[in-house]
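coords29.cif follows (mmCIF, C-alpha atoms):
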```cif
data_target
#
loop_
_atom_site.group_PDB
_atom_site.id
_atom_site.type_symbol
_atom_site.label_atom_id
_atom_site.label_comp_id
_atom_site.auth_asym_id
_atom_site.auth_seq_id
_atom_site.Cartn_x
_atom_site.Cartn_y
_atom_site.Cartn_z
ATOM 1 C CA MET A 782 -4.104 43.304 138.340
ATOM 2 C CA VAL A 783 -6.958 40.911 138.791
ATOM 3 C CA LEU A 784 -8.635 38.932 136.034
ATOM 4 C CA THR A 785 -12.271 38.124 136.799
ATOM 5 C CA ARG A 786 -14.928 35.985 135.136
ATOM 6 C CA THR A 787 -18.578 35.880 136.101
ATOM 7 C CA THR A 788 -21.209 33.318 135.135
ATOM 8 C CA ASN A 789 -24.852 32.753 136.072
ATOM 9 C CA HIS A 790 -26.647 29.485 136.604
ATOM 10 C CA THR A 791 -30.092 28.379 137.783
ATOM 11 C CA TYR A 792 -30.711 25.222 139.804
ATOM 12 C CA SER A 793 -34.242 23.862 139.510
ATOM 13 C CA HIS A 794 -34.305 23.213 143.229
ATOM 14 C CA PRO A 795 -35.482 25.378 146.100
ATOM 15 C CA PHE A 796 -32.940 27.470 147.937
ATOM 16 C CA PRO A 797 -32.783 25.491 151.236
ATOM 17 C CA THR A 798 -32.031 22.252 149.371
ATOM 18 C CA VAL A 799 -29.304 23.970 147.354
ATOM 19 C CA THR A 800 -27.622 25.251 150.516
ATOM 20 C CA LEU A 801 -27.769 21.746 151.987
ATOM 21 C CA ALA A 802 -26.209 20.341 148.813
ATOM 22 C CA PHE A 803 -23.458 22.934 149.144
ATOM 23 C CA PHE A 804 -22.508 21.548 152.563
ATOM 24 C CA LEU A 805 -22.815 17.973 151.267
ATOM 25 C CA ARG A 806 -21.041 18.364 147.958
ATOM 26 C CA TYR A 807 -17.735 16.871 149.064
ATOM 27 C CA TYR A 808 -19.250 14.443 151.522
ATOM 28 C CA SER A 809 -18.845 11.268 149.535
ATOM 29 C CA PRO A 810 -17.903 10.269 145.976
ATOM 30 C CA GLN A 811 -21.044 8.126 146.125
ATOM 31 C CA LEU A 812 -23.100 11.284 146.406
ATOM 32 C CA ASN A 813 -20.934 13.332 144.075
ATOM 33 C CA PRO A 814 -18.574 11.393 141.776
ATOM 34 C CA PHE A 815 -16.848 14.668 140.880
ATOM 35 C CA SER A 816 -15.635 15.047 144.443
ATOM 36 C CA SER A 817 -13.150 12.176 144.377
ATOM 37 C CA HIS A 818 -10.242 14.644 144.047
ATOM 38 C CA VAL A 819 -11.148 16.160 147.410
ATOM 39 C CA LEU A 820 -9.087 14.277 149.960
ATOM 40 C CA SER A 821 -10.577 15.747 153.091
ATOM 41 C CA THR A 822 -12.996 18.346 154.375
ATOM 42 C CA ASP A 823 -12.797 19.928 157.824
ATOM 43 C CA THR A 824 -14.949 22.530 159.525
ATOM 44 C CA ILE A 825 -12.868 24.994 161.508
ATOM 45 C CA SER A 826 -15.649 27.324 162.599
ATOM 46 C CA SER A 827 -19.417 27.388 162.529
ATOM 47 C CA HIS A 828 -21.783 29.682 164.359
ATOM 48 C CA VAL A 829 -25.150 31.355 164.081
ATOM 49 C CA ASP A 830 -25.056 35.123 164.516
ATOM 50 C CA PRO A 831 -27.556 35.762 167.312
ATOM 51 C CA VAL A 832 -28.609 39.104 165.823
ATOM 52 C CA THR A 833 -28.988 38.286 162.127
ATOM 53 C CA GLY A 834 -29.662 34.552 162.422
ATOM 54 C CA ARG A 835 -27.041 33.971 159.730
ATOM 55 C CA LEU A 836 -24.995 30.800 159.775
ATOM 56 C CA HIS A 837 -21.271 31.465 159.299
ATOM 57 C CA THR A 838 -19.116 28.468 158.424
ATOM 58 C CA THR A 839 -15.435 28.068 157.542
ATOM 59 C CA ARG A 840 -14.055 24.827 156.152
ATOM 60 C CA ILE A 841 -10.755 23.582 154.757
ATOM 61 C CA HIS A 842 -10.900 21.299 151.735
ATOM 62 C CA LEU A 843 -7.812 19.390 150.791
ATOM 63 C CA LYS A 844 -7.175 19.181 147.062
ATOM 64 C CA ASN A 845 -4.667 21.896 147.190
ATOM 65 C CA TYR A 846 -5.472 23.609 150.410
ATOM 66 C CA VAL A 847 -8.741 25.460 149.889
ATOM 67 C CA LEU A 848 -10.307 27.679 152.507
ATOM 68 C CA GLU A 849 -14.065 28.001 152.124
ATOM 69 C CA THR A 850 -16.196 30.479 154.036
ATOM 70 C CA SER A 851 -19.957 30.703 153.739
ATOM 71 C CA VAL A 852 -22.788 32.734 155.173
ATOM 72 C CA VAL A 853 -26.402 31.560 154.894
ATOM 73 C CA ASP A 854 -29.327 33.849 155.595
ATOM 74 C CA MET A 855 -32.442 31.720 155.504
ATOM 75 C CA LYS A 856 -34.780 34.610 156.302
ATOM 76 C CA GLU A 857 -33.579 36.802 153.457
ATOM 77 C CA GLY A 858 -32.998 33.831 151.168
ATOM 78 C CA TRP A 859 -29.362 34.152 150.182
ATOM 79 C CA MET A 860 -26.044 32.396 150.683
ATOM 80 C CA LYS A 861 -22.629 33.845 149.916
ATOM 81 C CA THR A 862 -19.617 31.625 149.646
ATOM 82 C CA GLU A 863 -15.971 32.260 149.025
ATOM 83 C CA SER A 864 -13.258 29.705 148.295
ATOM 84 C CA ARG A 865 -9.584 30.553 147.981
ATOM 85 C CA ASN A 866 -6.375 28.623 147.684
ATOM 86 C CA LEU A 867 -4.239 28.647 150.804
ATOM 87 C CA ASN A 868 -0.968 27.523 149.286
ATOM 88 C CA PHE A 869 0.904 28.692 146.199
ATOM 89 C CA THR A 870 -0.684 32.103 146.705
ATOM 90 C CA GLY A 871 2.673 33.595 145.805
ATOM 91 C CA VAL A 872 2.253 32.194 142.293
ATOM 92 C CA LEU A 873 -1.454 32.521 141.770
ATOM 93 C CA SER A 874 -4.299 33.416 144.033
ATOM 94 C CA VAL A 875 -7.696 32.165 142.878
ATOM 95 C CA VAL A 876 -10.846 33.297 144.626
ATOM 96 C CA GLU A 877 -14.220 31.833 143.755
ATOM 97 C CA GLU A 878 -17.193 33.806 145.029
ATOM 98 C CA GLN A 879 -20.718 32.507 144.747
ATOM 99 C CA HIS A 880 -23.965 34.238 145.469
ATOM 100 C CA TYR A 881 -26.998 31.967 145.759
ATOM 101 C CA SER A 882 -30.391 33.565 145.885
ATOM 102 C CA THR A 883 -34.108 32.897 145.693
ATOM 103 C CA SER A 884 -34.384 35.737 143.183
ATOM 104 C CA PRO A 885 -32.659 36.054 139.804
ATOM 105 C CA PRO A 886 -29.507 38.182 139.553
ATOM 106 C CA ASP A 887 -31.191 40.966 137.568
ATOM 107 C CA GLY A 888 -33.465 41.556 140.542
ATOM 108 C CA SER A 889 -36.729 40.885 138.712
ATOM 109 C CA ALA A 890 -39.514 39.196 140.667
ATOM 110 C CA VAL A 891 -39.664 35.417 140.675
ATOM 111 C CA THR A 892 -42.624 34.261 138.636
ATOM 112 C CA GLY A 893 -44.298 30.885 138.704
ATOM 113 C CA ALA A 894 -43.167 30.165 142.247
ATOM 114 C CA GLY A 895 -46.026 27.871 143.106
ATOM 115 C CA SER A 896 -46.503 25.833 146.235
ATOM 116 C CA PHE A 897 -43.586 23.465 146.522
ATOM 117 C CA ASN A 898 -43.608 20.655 148.993
ATOM 118 C CA ASN A 899 -40.005 19.772 149.608
ATOM 119 C CA VAL A 900 -39.670 16.160 150.666
ATOM 120 C CA ALA A 901 -36.021 16.438 151.650
ATOM 121 C CA LEU A 902 -36.623 19.146 154.173
ATOM 122 C CA GLY A 903 -40.268 18.573 154.989
ATOM 123 C CA VAL A 904 -40.862 22.263 154.469
ATOM 124 C CA PRO A 905 -44.544 22.696 153.701
ATOM 125 C CA ARG A 906 -44.511 26.425 152.977
ATOM 126 C CA PRO A 907 -44.345 27.665 149.405
ATOM 127 C CA LEU A 908 -40.813 27.985 148.094
ATOM 128 C CA SER A 909 -39.473 29.288 144.864
ATOM 129 C CA PRO A 910 -38.717 26.140 142.823
ATOM 130 C CA ASN A 911 -35.483 27.661 141.540
ATOM 131 C CA THR A 912 -32.240 28.907 143.027
ATOM 132 C CA PHE A 913 -30.071 31.377 141.158
ATOM 133 C CA VAL A 914 -26.335 31.385 141.523
ATOM 134 C CA THR A 915 -23.755 33.856 140.281
ATOM 135 C CA THR A 916 -20.165 32.659 140.302
ATOM 136 C CA THR A 917 -17.193 34.981 140.016
ATOM 137 C CA PHE A 918 -13.636 33.752 139.731
ATOM 138 C CA SER A 919 -10.811 36.186 140.372
ATOM 139 C CA TYR A 920 -7.248 35.376 139.412
ATOM 140 C CA ARG A 921 -4.331 37.344 140.667
ATOM 141 C CA SER A 922 -0.744 36.434 140.140
ATOM 142 C CA THR A 923 1.776 38.114 142.391
ATOM 143 C CA LEU A 924 4.693 36.114 141.109
ATOM 144 C CA GLY A 925 7.833 38.124 141.613
ATOM 145 C CA ASN A 926 6.189 40.470 144.102
ATOM 146 C CA LYS A 927 7.506 40.763 147.620
ATOM 147 C CA LYS A 928 5.295 38.085 149.174
ATOM 148 C CA HIS A 929 6.377 35.295 146.864
ATOM 149 C CA ASP A 930 8.448 33.253 149.248
ATOM 150 C CA ARG A 931 5.968 31.513 151.500
ATOM 151 C CA ALA A 932 6.950 28.329 153.216
ATOM 152 C CA PRO A 933 5.489 25.301 151.507
ATOM 153 C CA VAL A 934 2.899 23.380 153.511
ATOM 154 C CA ASP A 935 3.808 19.996 152.287
ATOM 155 C CA SER A 936 7.222 18.635 151.567
ATOM 156 C CA ALA A 937 5.607 16.377 148.958
ATOM 157 C CA GLU A 938 5.131 19.105 146.373
ATOM 158 C CA THR A 939 5.760 18.384 142.730
ATOM 159 C CA PRO A 940 8.813 20.050 141.158
ATOM 160 C CA ASP A 941 6.819 22.204 138.733
ATOM 161 C CA GLU A 942 4.920 23.709 141.625
ATOM 162 C CA THR A 943 7.998 24.736 143.524
ATOM 163 C CA GLY A 944 9.685 25.915 140.319
ATOM 164 C CA PRO A 945 7.824 29.195 139.849
ATOM 165 C CA ARG A 946 8.465 30.160 143.445
ATOM 166 C CA ARG A 947 12.195 29.932 142.885
ATOM 167 C CA LEU A 948 11.822 31.993 139.755
ATOM 168 C CA GLY A 949 10.203 34.694 141.867
ATOM 169 C CA SER A 950 13.486 36.164 143.004
ATOM 170 C CA TRP A 951 14.823 37.062 139.565
ATOM 171 C CA ILE A 952 11.506 37.629 137.874
ATOM 172 C CA SER A 953 10.938 40.739 139.957
ATOM 173 C CA GLY A 954 11.078 43.833 137.837
ATOM 174 C CA TRP A 955 11.802 41.925 134.652
ATOM 175 C CA GLY A 956 8.794 40.866 132.622
ATOM 176 C CA ALA A 957 7.022 39.878 135.813
ATOM 177 C CA ASN A 958 3.938 41.672 134.686
ATOM 178 C CA ARG A 959 3.612 39.767 131.450
ATOM 179 C CA ILE A 960 4.218 36.452 133.136
ATOM 180 C CA GLN A 961 1.660 37.245 135.807
ATOM 181 C CA ARG A 962 -0.955 38.097 133.141
ATOM 182 C CA SER A 963 -0.385 34.839 131.287
ATOM 183 C CA ILE A 964 -0.582 32.781 134.483
ATOM 184 C CA GLU A 965 -3.921 34.454 135.230
ATOM 185 C CA SER A 966 -5.162 33.787 131.730
ATOM 186 C CA ILE A 967 -4.140 30.117 131.687
ATOM 187 C CA ALA A 968 -5.797 29.530 135.045
ATOM 188 C CA SER A 969 -8.939 31.291 133.943
ATOM 189 C CA ASN A 970 -9.267 29.110 130.839
ATOM 190 C CA LYS A 971 -8.856 25.994 132.920
ATOM 191 C CA THR A 972 -11.739 26.976 135.155
ATOM 192 C CA ASP A 973 -14.555 26.415 132.645
ATOM 193 C CA ASP A 974 -14.202 22.671 132.825
ATOM 194 C CA GLN A 975 -13.917 22.800 136.593
ATOM 195 C CA LEU A 976 -17.045 24.933 136.893
ATOM 196 C CA ILE A 977 -19.105 22.482 134.817
ATOM 197 C CA LYS A 978 -17.948 19.571 136.966
ATOM 198 C CA SER A 979 -18.751 21.455 140.122
ATOM 199 C CA ARG A 980 -22.290 22.199 138.839
ATOM 200 C CA ASP A 981 -22.819 18.617 137.746
ATOM 201 C CA GLY A 982 -21.683 17.482 141.175
ATOM 202 C CA MET A 983 -24.099 19.820 142.944
ATOM 203 C CA GLY A 984 -26.810 18.568 140.575
ATOM 204 C CA MET A 985 -26.220 14.954 141.580
ATOM 205 C CA VAL A 986 -26.337 15.753 145.285
ATOM 206 C CA LEU A 987 -29.530 17.729 144.663
ATOM 207 C CA GLU A 988 -31.178 14.814 142.856
ATOM 208 C CA ARG A 989 -30.476 12.574 145.836
ATOM 209 C CA LEU A 990 -32.067 15.137 148.133
ATOM 210 C CA ARG A 991 -35.149 15.536 145.957
ATOM 211 C CA ASN A 992 -36.756 12.407 147.351
ATOM 212 C CA ASN A 993 -34.727 11.655 150.466
ATOM 213 C CA SER A 994 -34.041 13.417 153.731
ATOM 214 C CA VAL A 995 -30.406 14.138 154.502
ATOM 215 C CA VAL A 996 -30.593 11.841 157.523
ATOM 216 C CA SER A 997 -31.632 8.902 155.354
ATOM 217 C CA VAL A 998 -28.973 9.773 152.753
ATOM 218 C CA LEU A 999 -26.256 9.749 155.450
ATOM 219 C CA ARG A 1000 -27.545 6.465 156.887
ATOM 220 C CA GLU A 1001 -27.465 4.861 153.467
ATOM 221 C CA LEU A 1002 -23.874 6.021 152.926
ATOM 222 C CA ARG A 1003 -22.761 4.592 156.246
ATOM 223 C CA ARG A 1004 -24.521 1.335 155.531
ATOM 224 C CA ARG A 1005 -22.741 1.034 152.206
ATOM 225 C CA GLU A 1006 -19.426 1.572 153.899
ATOM 226 C CA GLY A 1007 -20.301 -1.171 156.336
ATOM 227 C CA LYS A 1008 -20.131 1.118 159.351
ATOM 228 C CA ALA A 1009 -22.429 1.280 162.319
ATOM 229 C CA VAL A 1010 -25.166 3.876 161.948
ATOM 230 C CA PHE A 1011 -25.028 6.732 164.433
ATOM 231 C CA ASP A 1012 -28.230 7.134 166.364
ATOM 232 C CA GLN A 1013 -27.888 10.831 166.959
ATOM 233 C CA MET B 498 -17.800 9.709 154.000
ATOM 234 C CA SER B 499 -15.511 12.663 153.686
ATOM 235 C CA ALA B 500 -12.383 12.238 155.712
ATOM 236 C CA SER B 501 -10.621 14.685 157.985
ATOM 237 C CA LEU B 502 -7.173 15.875 156.915
ATOM 238 C CA ALA B 503 -6.077 14.194 160.125
ATOM 239 C CA PRO B 504 -7.100 10.513 159.985
ATOM 240 C CA GLU B 505 -7.070 10.346 163.785
ATOM 241 C CA CYS B 506 -9.933 12.878 163.782
ATOM 242 C CA ASN B 507 -12.142 10.970 161.320
ATOM 243 C CA GLU B 508 -14.407 9.478 163.927
ATOM 244 C CA VAL B 509 -15.095 12.704 165.868
ATOM 245 C CA LYS B 510 -15.425 14.629 162.623
ATOM 246 C CA GLU B 511 -18.017 12.255 161.239
ATOM 247 C CA ARG B 512 -20.056 12.432 164.416
ATOM 248 C CA TYR B 513 -20.021 16.216 164.247
ATOM 249 C CA ASP B 514 -20.840 16.297 160.503
ATOM 250 C CA THR B 515 -23.785 13.975 160.993
ATOM 251 C CA CYS B 516 -25.071 16.127 163.844
ATOM 252 C CA PHE B 517 -24.534 19.379 161.931
ATOM 253 C CA LEU B 518 -26.294 18.193 158.769
ATOM 254 C CA LYS B 519 -29.252 16.928 160.798
ATOM 255 C CA TRP B 520 -29.443 20.209 162.736
ATOM 256 C CA TYR B 521 -29.063 22.226 159.548
ATOM 257 C CA SER B 522 -31.778 20.405 157.596
ATOM 258 C CA GLU B 523 -34.228 19.847 160.412
ATOM 259 C CA LYS B 524 -33.817 23.036 162.405
ATOM 260 C CA TYR B 525 -31.908 25.845 160.721
ATOM 261 C CA LEU B 526 -33.610 25.501 157.344
ATOM 262 C CA ARG B 527 -36.993 25.544 159.057
ATOM 263 C CA GLY B 528 -36.248 28.758 160.851
ATOM 264 C CA ASN B 529 -35.493 27.157 164.226
ATOM 265 C CA GLY B 530 -31.798 27.837 164.220
ATOM 266 C CA LYS B 531 -31.806 31.109 166.111
ATOM 267 C CA ALA B 532 -29.832 29.839 169.054
ATOM 268 C CA ASP B 533 -26.506 28.225 168.309
ATOM 269 C CA ASN B 534 -26.488 24.583 167.285
ATOM 270 C CA ASN B 535 -26.156 23.444 170.856
ATOM 271 C CA GLU B 536 -26.838 19.787 170.324
ATOM 272 C CA CYS B 537 -23.683 19.640 168.186
ATOM 273 C CA SER B 538 -21.460 21.981 170.176
ATOM 274 C CA LYS B 539 -20.024 19.278 172.434
ATOM 275 C CA LEU B 540 -19.190 17.189 169.363
ATOM 276 C CA PHE B 541 -17.687 20.252 167.673
ATOM 277 C CA GLU B 542 -15.476 20.874 170.710
ATOM 278 C CA ASN B 543 -14.137 17.310 170.643
ATOM 279 C CA TYR B 544 -13.536 17.565 166.922
ATOM 280 C CA GLN B 545 -11.704 20.914 167.211
ATOM 281 C CA LYS B 546 -9.528 19.622 170.033
ATOM 282 C CA CYS B 547 -8.335 16.855 167.746
ATOM 283 C CA LEU B 548 -8.071 19.036 164.636
ATOM 284 C CA LYS B 549 -6.167 21.878 166.284
ATOM 285 C CA VAL B 550 -3.193 19.629 166.942
ATOM 286 C CA ALA B 551 -3.198 18.409 163.341
ATOM 287 C CA LEU B 552 -3.400 21.954 161.918
ATOM 288 C CA GLU B 553 -0.415 23.032 163.992
ATOM 289 C CA GLU B 554 1.621 19.960 163.107
ATOM 290 C CA ARG B 555 1.083 20.581 159.397
ATOM 291 C CA GLY B 556 1.660 24.328 159.583
ATOM 292 C CA ILE B 557 -1.854 25.021 158.310
ATOM 293 C CA ASP B 558 -2.589 27.294 161.260
ATOM 294 C CA LYS B 559 0.061 29.669 159.877
ATOM 295 C CA LEU B 560 -1.477 29.609 156.395
ATOM 296 C CA LEU B 561 -4.848 30.429 157.937
ATOM 297 C CA ALA B 562 -3.435 33.341 159.863
ATOM 298 C CA GLU B 563 -1.813 34.671 156.666
ATOM 299 C CA ALA B 564 -5.013 34.269 154.666
ATOM 300 C CA ARG B 565 -6.948 36.163 157.317
ATOM 301 C CA GLU B 566 -4.368 38.919 157.388
ATOM 302 C CA ASP B 567 -4.384 39.209 153.578
ATOM 303 C CA ASN B 568 -8.106 39.518 153.429
ATOM 304 C CA LYS B 569 -9.000 41.742 156.316
ATOM 305 C CA GLU B 570 -9.595 44.650 153.963
ATOM 306 C CA ASN B 571 -11.491 42.599 151.401
ATOM 307 C CA ASP B 572 -13.750 41.169 154.076
ATOM 308 C CA ALA B 573 -14.573 44.609 155.397
ATOM 309 C CA ILE B 574 -15.655 45.610 151.901
ATOM 310 C CA HIS B 575 -17.738 42.444 151.390
ATOM 311 C CA MET B 576 -19.565 42.848 154.646
ATOM 312 C CA LYS B 577 -20.583 46.372 153.779
ATOM 313 C CA ARG B 578 -21.815 45.324 150.379
ATOM 314 C CA LYS B 579 -24.654 43.173 151.686
#
```

Written form, structure tokens:
Amino acid sequence: MVLTRTTNHTYSHPFPTVTLAFFLRYYSPQLNPFSSHVLSTDTISSHVDPVTGRLHTTRIHLKNYVLETSVVDMKEGWMKTESRNLNFTGVLSVVEEQHYSTSPPDGSAVTGAGSFNNVALGVPRPLSPNTFVTTTFSYRSTLGNKKHDRAPVDSAETPDETGPRRLGSWISGWGANRIQRSIESIASNKTDDQLIKSRDGMGMVLERLRNNSVVSVLRELRRREGKAVFDQ
Amino acid sequence: MSASLAPECNEVKERYDTCFLKWYSEKYLRGNGKADNNECSKLFENYQKCLKVALEERGIDKLLAEAREDNKENDAIHMKRK
């Protein structure tokens, strides 16, 4: 079984800026104070589809191991992202899917989309001033199912995280279902707080981009860290 | 600056990130990103060379392979949806 929760949100920023903030959201705690739990971010693939013009990107974020894939279609004005945990999937698999769009989720036409001169991107053409995002979290516990015994990534795991995996062997066929449902439910209740923080974080990155280009934001960050500024 | 999971890759990663974000904001978002982001591809190559070793050492390459295997079906469904 899968437990899912869907929420809608509107950013009062144009779509291109929101997609840029998405790529920047874990860049620095100075940009996004809610990102300090993210230890590292690595891009493992990134390419533009020559036919559709869509940018496909895959990154690994280290909090627990999170694999994030995204596709941006600038022409059609949408971005789809998916984040999933890479470890402990035998206990609980959480998938966060987001759909960003220039039009609201109910499909009605965007009204009041006046001319919007975006300083951050220097885009002079009219843009919708808002970006609509639908977030769906799916929780699936497979504890006690056949695939429960994955090798841990890190030897430095906390005891309560390795605990449930050991339980897997005897849980099978005995109350596994009920335990799986309650794991899903607990995780789902925890997400509300996380979702608010993630929105607030995006909001702070967006505010920085409202009046500054990304290049100047990056330069400022490097300066603050006392590093040489890249010229490229 | 966000770090790489492999500290030895921090420098090459940051160079690539800086290049990518500049390309993304100045070219892709303005509709000039049709070709691949060539100006960053050399930097990406250097970064991946470094990262690949780290992913293997930490066993993350195996997790990635598993995740891809698990989601082949899901992905096929998602791609059709849009």

So which residues touch Thr788 in chain A within 8 Å, counting only C-alpha atoms, skipping near sequence neighbours fewer than 3 positions away, as a PDB file with C-alpha atoms, in the frame of the given file?
```pdb
ATOM      1  CA  THR A 915     -23.755  33.856 140.281  1.00  0.00           C
ATOM      2  CA  THR A 916     -20.165  32.659 140.302  1.00  0.00           C
ATOM      3  CA  THR A 917     -17.193  34.981 140.016  1.00  0.00           C
TER       4      THR A 917
END
```

Correct to one decimal, the distance CA of Tyr846 in chain A-CA of Leu540 in chain B is 24.3 Å

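Proximity of A:Met855, A:Val847, A:Leu801, A:Val819 to Asn529 in chain B, computed with all atoms listed in the file, is greatest for A:Met855.
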
Best match for closeness to Tyr808 in chain A among A:Leu784, A:Val872, A:Ile964, A:Leu820, counting only C-alpha atoms: A:Leu820

Would you give me, as an mmCIF file with C-alpha atoms, in the frame of the given file, the residues of chain B that come within 8 Å of chain A, using only C-alpha atoms?
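The result, stored in iface-v4.cif:
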```cif
data_model
loop_
_atom_site.group_PDB
_atom_site.id
_atom_site.type_symbol
_atom_site.label_atom_id
_atom_site.label_comp_id
_atom_site.auth_asym_id
_atom_site.auth_seq_id
_atom_site.Cartn_x
_atom_site.Cartn_y
_atom_site.Cartn_z
ATOM 1 C CA MET B 498 -17.800 9.709 154.000
ATOM 2 C CA SER B 499 -15.511 12.663 153.686
ATOM 3 C CA ALA B 500 -12.383 12.238 155.712
ATOM 4 C CA SER B 501 -10.621 14.685 157.985
ATOM 5 C CA LEU B 502 -7.173 15.875 156.915
ATOM 6 C CA LYS B 510 -15.425 14.629 162.623
ATOM 7 C CA ARG B 512 -20.056 12.432 164.416
ATOM 8 C CA THR B 515 -23.785 13.975 160.993
ATOM 9 C CA CYS B 516 -25.071 16.127 163.844
ATOM 10 C CA LEU B 518 -26.294 18.193 158.769
ATOM 11 C CA LYS B 519 -29.252 16.928 160.798
ATOM 12 C CA TYR B 521 -29.063 22.226 159.548
ATOM 13 C CA SER B 522 -31.778 20.405 157.596
ATOM 14 C CA GLU B 523 -34.228 19.847 160.412
ATOM 15 C CA TYR B 525 -31.908 25.845 160.721
ATOM 16 C CA LEU B 526 -33.610 25.501 157.344
ATOM 17 C CA ARG B 527 -36.993 25.544 159.057
ATOM 18 C CA GLY B 528 -36.248 28.758 160.851
ATOM 19 C CA GLY B 530 -31.798 27.837 164.220
ATOM 20 C CA LYS B 531 -31.806 31.109 166.111
ATOM 21 C CA ALA B 532 -29.832 29.839 169.054
ATOM 22 C CA ASP B 533 -26.506 28.225 168.309
ATOM 23 C CA ASN B 534 -26.488 24.583 167.285
ATOM 24 C CA GLN B 545 -11.704 20.914 167.211
ATOM 25 C CA ARG B 555 1.083 20.581 159.397
ATOM 26 C CA GLY B 556 1.660 24.328 159.583
ATOM 27 C CA ILE B 557 -1.854 25.021 158.310
ATOM 28 C CA LEU B 560 -1.477 29.609 156.395
ATOM 29 C CA LEU B 561 -4.848 30.429 157.937
ATOM 30 C CA ALA B 564 -5.013 34.269 154.666
#
```
